[in-house]
Amino acid sequence: MINDHAAGRALLRDKLLDGLRRAERTLFTRPAPKSAHARMKFLRTREGGSSKSLAERLGVSRKTVDRYLSGATKKPQKRLQAALEQETEAEWQPQVKAQARARAATSAGLGISITAYFALGPAGTSDAGRKRDISVAVTPSHAAAILAAKDRGATDTELHDLVAEAIADAYFRVGGGGRAGLKVQIVDVERLEIAF
């Protein structure tokens, strides 16, 4: 049971990080570079012009980086293609992403849409655990906590608890009614979408 719970937290973390990446991608005002050559060129610029530093970052040899930059090689293997895509998107339009994150943390919050199994209360009650499809607007304070935890490399447990708490406050505890102490667990995540 402990391994299943830990696996569920890791899955939520993966889906949360992927959801944040997809949400940031929608903020771009210009398309990110698509070709391996253009991505290598962009990333080398971000590394201060160092092919060696870029090679270390991507986990390839310096010669590999140079072959893509010269155009001698055009089609990367899957692992390198994924690394190029992820690193390019992480570096692309940092000010646009920073403005959206600041807005989410101070005034706008985040939108979270999730399909998951929520464990709330004992069987036979309306709070019994079951699969739910929930879309909520998360408060700026919760958004700030989630984004800060992601940036500092928080553990699966921390991110899981922050998301569960944000959804609990926005959906299950709305209006009080004696539900202020309700503990919410997200056990099995099928889908997670985030919007700035």
# chains A, B, ... in the order shown; residues from 1 in each chain; ligands from 1
$ residues_around --residues "Met40 (chain A)" --least-positions-apart "5" --cutoff "10 Å" --atoms "only C-alpha atoms" --output "ChimeraX atom specification"
/A:33,35,45-46,51,54-55,58,65-66,68-69,84,87-88
$ write_last_selection --atoms "all heavy atoms" --output "CSV table (one decimal), in the first residue's frame"
chain,number,residue,atom,x,y,z
A,33,PRO,N,11.9,27.6,-31.4
A,33,PRO,CA,12.5,26.9,-32.5
A,33,PRO,C,12.1,25.4,-32.6
A,33,PRO,O,11.9,24.8,-31.5
A,33,PRO,CB,14.0,27.0,-32.1
A,33,PRO,CG,14.1,28.1,-31.2
A,33,PRO,CD,12.8,28.2,-30.4
A,35,SER,N,13.5,23.0,-35.3
A,35,SER,CA,14.5,22.1,-35.8
A,35,SER,C,15.6,21.9,-34.8
A,35,SER,O,15.9,22.7,-33.9
A,35,SER,CB,15.1,22.7,-37.1
A,35,SER,OG,16.0,23.8,-36.9
A,45,THR,N,23.5,29.8,-27.4
A,45,THR,CA,23.4,31.2,-27.0
A,45,THR,C,23.1,31.4,-25.6
A,45,THR,O,23.7,32.2,-24.9
A,45,THR,CB,22.4,32.0,-27.9
A,45,THR,OG1,22.7,31.8,-29.3
A,45,THR,CG2,22.3,33.5,-27.6
A,46,ARG,N,22.1,30.6,-25.1
A,46,ARG,CA,21.7,30.7,-23.7
A,46,ARG,C,22.8,30.2,-22.7
A,46,ARG,O,22.9,30.6,-21.6
A,46,ARG,CB,20.4,29.9,-23.4
A,46,ARG,CG,19.2,30.4,-24.2
A,46,ARG,CD,18.8,31.8,-23.8
A,46,ARG,NE,18.2,31.7,-22.5
A,46,ARG,CZ,17.8,32.8,-21.8
A,46,ARG,NH1,17.8,34.0,-22.4
A,46,ARG,NH2,17.3,32.7,-20.6
A,51,SER,N,29.8,25.5,-26.5
A,51,SER,CA,29.3,24.2,-27.0
A,51,SER,C,29.6,23.1,-25.9
A,51,SER,O,28.8,22.2,-25.8
A,51,SER,CB,30.1,23.8,-28.3
A,51,SER,OG,29.7,24.7,-29.3
A,54,LEU,N,26.9,23.3,-23.3
A,54,LEU,CA,25.6,22.8,-23.9
A,54,LEU,C,25.7,21.3,-24.0
A,54,LEU,O,24.7,20.6,-23.7
A,54,LEU,CB,25.3,23.4,-25.3
A,54,LEU,CG,24.1,22.9,-26.0
A,54,LEU,CD1,22.9,23.1,-25.2
A,54,LEU,CD2,24.0,23.6,-27.3
A,55,ALA,N,26.8,20.7,-24.4
A,55,ALA,CA,26.9,19.3,-24.5
A,55,ALA,C,26.7,18.6,-23.1
A,55,ALA,O,26.0,17.6,-23.0
A,55,ALA,CB,28.3,18.9,-25.0
A,58,LEU,N,23.0,18.7,-22.2
A,58,LEU,CA,22.2,17.8,-23.0
A,58,LEU,C,22.6,16.3,-22.8
A,58,LEU,O,21.9,15.4,-23.2
A,58,LEU,CB,22.2,18.1,-24.5
A,58,LEU,CG,21.6,19.4,-24.9
A,58,LEU,CD1,21.9,19.7,-26.3
A,58,LEU,CD2,20.1,19.5,-24.6
A,65,VAL,N,27.2,18.1,-30.6
A,65,VAL,CA,26.6,19.5,-30.6
A,65,VAL,C,27.1,20.2,-31.9
A,65,VAL,O,26.4,20.9,-32.6
A,65,VAL,CB,27.0,20.3,-29.3
A,65,VAL,CG1,26.6,21.8,-29.5
A,65,VAL,CG2,26.3,19.7,-28.1
A,66,ASP,N,28.4,20.1,-32.1
A,66,ASP,CA,29.0,20.8,-33.3
A,66,ASP,C,28.4,20.3,-34.6
A,66,ASP,O,28.3,21.0,-35.5
A,66,ASP,CB,30.5,20.6,-33.3
A,66,ASP,CG,31.2,21.4,-32.1
A,66,ASP,OD1,30.5,22.4,-31.6
A,66,ASP,OD2,32.3,21.1,-31.7
A,68,TYR,N,25.4,19.2,-35.1
A,68,TYR,CA,24.1,19.8,-35.3
A,68,TYR,C,24.2,21.2,-35.7
A,68,TYR,O,23.4,21.8,-36.5
A,68,TYR,CB,23.2,19.6,-34.1
A,68,TYR,CG,22.6,18.2,-34.0
A,68,TYR,CD1,23.2,17.2,-33.2
A,68,TYR,CD2,21.5,17.8,-34.8
A,68,TYR,CE1,22.7,15.9,-33.1
A,68,TYR,CE2,21.0,16.5,-34.7
A,68,TYR,CZ,21.6,15.6,-33.9
A,68,TYR,OH,21.1,14.3,-33.8
A,69,LEU,N,25.1,21.9,-35.0
A,69,LEU,CA,25.3,23.4,-35.3
A,69,LEU,C,25.8,23.6,-36.7
A,69,LEU,O,25.4,24.6,-37.4
A,69,LEU,CB,26.2,24.0,-34.3
A,69,LEU,CG,25.7,24.1,-32.9
A,69,LEU,CD1,26.8,24.5,-31.9
A,69,LEU,CD2,24.6,25.2,-32.8
A,84,LEU,N,16.3,18.3,-26.2
A,84,LEU,CA,16.3,19.6,-26.9
A,84,LEU,C,15.0,20.3,-26.8
A,84,LEU,O,14.9,21.5,-26.5
A,84,LEU,CB,16.6,19.4,-28.4
A,84,LEU,CG,18.0,19.1,-28.8
A,84,LEU,CD1,18.1,18.7,-30.3
A,84,LEU,CD2,18.8,20.4,-28.6
A,87,GLU,N,14.6,21.5,-23.0
A,87,GLU,CA,15.5,22.6,-22.6
A,87,GLU,C,15.1,23.8,-23.3
A,87,GLU,O,15.2,24.9,-22.8
A,87,GLU,CB,16.9,22.2,-22.9
A,87,GLU,CG,17.4,21.0,-22.0
A,87,GLU,CD,17.4,21.4,-20.5
A,87,GLU,OE1,17.7,22.5,-20.1
A,87,GLU,OE2,17.1,20.5,-19.7
A,88,THR,N,14.7,23.7,-24.6
A,88,THR,CA,14.4,24.9,-25.4
A,88,THR,C,13.1,25.6,-24.7
A,88,THR,O,13.1,26.8,-24.5
A,88,THR,CB,14.1,24.6,-26.8
A,88,THR,OG1,15.3,24.0,-27.4
A,88,THR,CG2,13.7,25.8,-27.6
$ residues_around --residues "Lys15 (chain A)" --least-positions-apart "5" --cutoff "10 Å" --atoms "only C-alpha atoms" --output "number ranges by chain"
A: 9-10, 20-21, 189-194
$ select_by_dssp --residues "chain A" --states "alpha helix (DSSP H)" --output "ChimeraX atom specification"
/A:2-25,36-46,51-58,62-70,78-91,94-103,140-151,156-167
$ residues_around --residues "region 130-138 of chain A" --least-positions-apart "4" --cutoff "10 Å" --atoms "only C-alpha atoms" --output "PyMOL selection string"
chain A and resi 104+108-120+123+126+142-144+163+165-171+186-196
$ closest_residue --among "A:Arg67, A:Lys150, A:Arg13, A:Lys183" --to "His37 (chain A)" --atoms "only C-alpha atoms"
A:Arg67
$ decode --residues "region 13-56 of chain A" --atoms "N, CA and C atoms" --output "PDB file, in the first residue's frame"
ATOM      1  N   ARG A  13       3.123  14.179  -9.424  1.00  0.00           N
ATOM      2  CA  ARG A  13       4.205  15.135  -9.656  1.00  0.00           C
ATOM      3  C   ARG A  13       4.512  15.218 -11.148  1.00  0.00           C
ATOM      4  N   ASP A  14       4.648  14.069 -11.805  1.00  0.00           N
ATOM      5  CA  ASP A  14       4.924  14.062 -13.242  1.00  0.00           C
ATOM      6  C   ASP A  14       3.828  14.775 -14.012  1.00  0.00           C
ATOM      7  N   LYS A  15       2.588  14.499 -13.660  1.00  0.00           N
ATOM      8  CA  LYS A  15       1.462  15.129 -14.368  1.00  0.00           C
ATOM      9  C   LYS A  15       1.390  16.619 -14.049  1.00  0.00           C
ATOM     10  N   LEU A  16       1.719  16.988 -12.807  1.00  0.00           N
ATOM     11  CA  LEU A  16       1.716  18.394 -12.426  1.00  0.00           C
ATOM     12  C   LEU A  16       2.795  19.154 -13.196  1.00  0.00           C
ATOM     13  N   LEU A  17       4.016  18.617 -13.221  1.00  0.00           N
ATOM     14  CA  LEU A  17       5.101  19.275 -13.944  1.00  0.00           C
ATOM     15  C   LEU A  17       4.802  19.350 -15.436  1.00  0.00           C
ATOM     16  N   ASP A  18       4.234  18.277 -15.987  1.00  0.00           N
ATOM     17  CA  ASP A  18       3.859  18.271 -17.400  1.00  0.00           C
ATOM     18  C   ASP A  18       2.745  19.288 -17.651  1.00  0.00           C
ATOM     19  N   GLY A  19       1.771  19.368 -16.744  1.00  0.00           N
ATOM     20  CA  GLY A  19       0.687  20.334 -16.876  1.00  0.00           C
ATOM     21  C   GLY A  19       1.194  21.768 -16.827  1.00  0.00           C
ATOM     22  N   LEU A  20       2.152  22.043 -15.939  1.00  0.00           N
ATOM     23  CA  LEU A  20       2.737  23.383 -15.865  1.00  0.00           C
ATOM     24  C   LEU A  20       3.514  23.716 -17.141  1.00  0.00           C
ATOM     25  N   ARG A  21       4.235  22.726 -17.681  1.00  0.00           N
ATOM     26  CA  ARG A  21       4.966  22.957 -18.941  1.00  0.00           C
ATOM     27  C   ARG A  21       3.986  23.269 -20.078  1.00  0.00           C
ATOM     28  N   ARG A  22       2.887  22.511 -20.161  1.00  0.00           N
ATOM     29  CA  ARG A  22       1.892  22.761 -21.211  1.00  0.00           C
ATOM     30  C   ARG A  22       1.257  24.135 -21.033  1.00  0.00           C
ATOM     31  N   ALA A  23       0.972  24.517 -19.783  1.00  0.00           N
ATOM     32  CA  ALA A  23       0.378  25.829 -19.518  1.00  0.00           C
ATOM     33  C   ALA A  23       1.334  26.947 -19.914  1.00  0.00           C
ATOM     34  N   GLU A  24       2.617  26.781 -19.611  1.00  0.00           N
ATOM     35  CA  GLU A  24       3.607  27.793 -19.993  1.00  0.00           C
ATOM     36  C   GLU A  24       3.743  27.880 -21.506  1.00  0.00           C
ATOM     37  N   ARG A  25       3.623  26.737 -22.180  1.00  0.00           N
ATOM     38  CA  ARG A  25       3.725  26.716 -23.642  1.00  0.00           C
ATOM     39  C   ARG A  25       2.627  27.573 -24.278  1.00  0.00           C
ATOM     40  N   THR A  26       1.456  27.620 -23.670  1.00  0.00           N
ATOM     41  CA  THR A  26       0.358  28.416 -24.230  1.00  0.00           C
ATOM     42  C   THR A  26       0.606  29.911 -24.092  1.00  0.00           C
ATOM     43  N   LEU A  27       1.554  30.298 -23.244  1.00  0.00           N
ATOM     44  CA  LEU A  27       1.844  31.712 -23.025  1.00  0.00           C
ATOM     45  C   LEU A  27       2.743  32.315 -24.096  1.00  0.00           C
ATOM     46  N   PHE A  28       3.466  31.468 -24.821  1.00  0.00           N
ATOM     47  CA  PHE A  28       4.447  31.967 -25.785  1.00  0.00           C
ATOM     48  C   PHE A  28       3.800  32.897 -26.795  1.00  0.00           C
ATOM     49  N   THR A  29       4.462  34.031 -27.028  1.00  0.00           N
ATOM     50  CA  THR A  29       3.953  34.986 -28.019  1.00  0.00           C
ATOM     51  C   THR A  29       4.563  34.729 -29.393  1.00  0.00           C
ATOM     52  N   ARG A  30       5.659  33.962 -29.425  1.00  0.00           N
ATOM     53  CA  ARG A  30       6.285  33.528 -30.668  1.00  0.00           C
ATOM     54  C   ARG A  30       6.564  32.042 -30.542  1.00  0.00           C
ATOM     55  N   PRO A  31       6.515  31.310 -31.648  1.00  0.00           N
ATOM     56  CA  PRO A  31       6.805  29.876 -31.553  1.00  0.00           C
ATOM     57  C   PRO A  31       8.282  29.634 -31.226  1.00  0.00           C
ATOM     58  N   ALA A  32       8.515  28.623 -30.405  1.00  0.00           N
ATOM     59  CA  ALA A  32       9.890  28.224 -30.065  1.00  0.00           C
ATOM     60  C   ALA A  32      10.530  27.559 -31.280  1.00  0.00           C
ATOM     61  N   PRO A  33      11.855  27.560 -31.359  1.00  0.00           N
ATOM     62  CA  PRO A  33      12.535  26.882 -32.481  1.00  0.00           C
ATOM     63  C   PRO A  33      12.113  25.415 -32.560  1.00  0.00           C
ATOM     64  N   LYS A  34      11.994  24.906 -33.784  1.00  0.00           N
ATOM     65  CA  LYS A  34      11.529  23.529 -33.992  1.00  0.00           C
ATOM     66  C   LYS A  34      12.633  22.575 -34.430  1.00  0.00           C
ATOM     67  N   SER A  35      13.514  23.023 -35.315  1.00  0.00           N
ATOM     68  CA  SER A  35      14.539  22.117 -35.841  1.00  0.00           C
ATOM     69  C   SER A  35      15.642  21.906 -34.810  1.00  0.00           C
ATOM     70  N   ALA A  36      16.332  20.794 -34.935  1.00  0.00           N
ATOM     71  CA  ALA A  36      17.440  20.494 -34.030  1.00  0.00           C
ATOM     72  C   ALA A  36      18.531  21.569 -34.162  1.00  0.00           C
ATOM     73  N   HIS A  37      18.810  22.000 -35.373  1.00  0.00           N
ATOM     74  CA  HIS A  37      19.815  23.041 -35.593  1.00  0.00           C
ATOM     75  C   HIS A  37      19.429  24.335 -34.879  1.00  0.00           C
ATOM     76  N   ALA A  38      18.183  24.779 -35.063  1.00  0.00           N
ATOM     77  CA  ALA A  38      17.727  26.027 -34.447  1.00  0.00           C
ATOM     78  C   ALA A  38      17.716  25.914 -32.925  1.00  0.00           C
ATOM     79  N   ARG A  39      17.310  24.768 -32.401  1.00  0.00           N
ATOM     80  CA  ARG A  39      17.300  24.569 -30.949  1.00  0.00           C
ATOM     81  C   ARG A  39      18.717  24.582 -30.383  1.00  0.00           C
ATOM     82  N   MET A  40      19.642  23.902 -31.065  1.00  0.00           N
ATOM     83  CA  MET A  40      21.042  23.889 -30.616  1.00  0.00           C
ATOM     84  C   MET A  40      21.614  25.302 -30.622  1.00  0.00           C
ATOM     85  N   LYS A  41      21.341  26.041 -31.688  1.00  0.00           N
ATOM     86  CA  LYS A  41      21.846  27.408 -31.808  1.00  0.00           C
ATOM     87  C   LYS A  41      21.296  28.281 -30.678  1.00  0.00           C
ATOM     88  N   PHE A  42      19.996  28.180 -30.419  1.00  0.00           N
ATOM     89  CA  PHE A  42      19.362  28.950 -29.351  1.00  0.00           C
ATOM     90  C   PHE A  42      19.947  28.576 -27.991  1.00  0.00           C
ATOM     91  N   LEU A  43      20.056  27.286 -27.719  1.00  0.00           N
ATOM     92  CA  LEU A  43      20.554  26.834 -26.416  1.00  0.00           C
ATOM     93  C   LEU A  43      22.024  27.190 -26.222  1.00  0.00           C
ATOM     94  N   ARG A  44      22.815  27.132 -27.294  1.00  0.00           N
ATOM     95  CA  ARG A  44      24.220  27.528 -27.162  1.00  0.00           C
ATOM     96  C   ARG A  44      24.311  29.007 -26.800  1.00  0.00           C
ATOM     97  N   THR A  45      23.457  29.826 -27.386  1.00  0.00           N
ATOM     98  CA  THR A  45      23.415  31.243 -27.035  1.00  0.00           C
ATOM     99  C   THR A  45      23.084  31.415 -25.561  1.00  0.00           C
ATOM    100  N   ARG A  46      22.114  30.643 -25.078  1.00  0.00           N
ATOM    101  CA  ARG A  46      21.714  30.715 -23.669  1.00  0.00           C
ATOM    102  C   ARG A  46      22.822  30.218 -22.736  1.00  0.00           C
ATOM    103  N   GLU A  47      23.722  29.399 -23.265  1.00  0.00           N
ATOM    104  CA  GLU A  47      24.857  28.890 -22.483  1.00  0.00           C
ATOM    105  C   GLU A  47      26.080  29.791 -22.639  1.00  0.00           C
ATOM    106  N   GLY A  48      25.893  30.986 -23.150  1.00  0.00           N
ATOM    107  CA  GLY A  48      26.988  31.930 -23.301  1.00  0.00           C
ATOM    108  C   GLY A  48      27.926  31.595 -24.444  1.00  0.00           C
ATOM    109  N   GLY A  49      27.421  30.863 -25.438  1.00  0.00           N
ATOM    110  CA  GLY A  49      28.223  30.525 -26.602  1.00  0.00           C
ATOM    111  C   GLY A  49      29.102  29.295 -26.420  1.00  0.00           C
ATOM    112  N   SER A  50      28.939  28.591 -25.328  1.00  0.00           N
ATOM    113  CA  SER A  50      29.791  27.434 -25.034  1.00  0.00           C
ATOM    114  C   SER A  50      29.168  26.124 -25.513  1.00  0.00           C
ATOM    115  N   SER A  51      29.797  25.509 -26.513  1.00  0.00           N
ATOM    116  CA  SER A  51      29.342  24.195 -26.979  1.00  0.00           C
ATOM    117  C   SER A  51      29.592  23.132 -25.924  1.00  0.00           C
ATOM    118  N   LYS A  52      30.679  23.262 -25.197  1.00  0.00           N
ATOM    119  CA  LYS A  52      31.015  22.295 -24.144  1.00  0.00           C
ATOM    120  C   LYS A  52      29.951  22.294 -23.045  1.00  0.00           C
ATOM    121  N   SER A  53      29.563  23.474 -22.612  1.00  0.00           N
ATOM    122  CA  SER A  53      28.539  23.597 -21.573  1.00  0.00           C
ATOM    123  C   SER A  53      27.200  23.040 -22.057  1.00  0.00           C
ATOM    124  N   LEU A  54      26.859  23.319 -23.310  1.00  0.00           N
ATOM    125  CA  LEU A  54      25.615  22.801 -23.879  1.00  0.00           C
ATOM    126  C   LEU A  54      25.657  21.284 -23.973  1.00  0.00           C
ATOM    127  N   ALA A  55      26.793  20.734 -24.381  1.00  0.00           N
ATOM    128  CA  ALA A  55      26.936  19.277 -24.477  1.00  0.00           C
ATOM    129  C   ALA A  55      26.722  18.623 -23.120  1.00  0.00           C
ATOM    130  N   GLU A  56      27.281  19.208 -22.060  1.00  0.00           N
ATOM    131  CA  GLU A  56      27.085  18.674 -20.704  1.00  0.00           C
ATOM    132  C   GLU A  56      25.619  18.757 -20.297  1.00  0.00           C
TER     133      GLU A  56
END
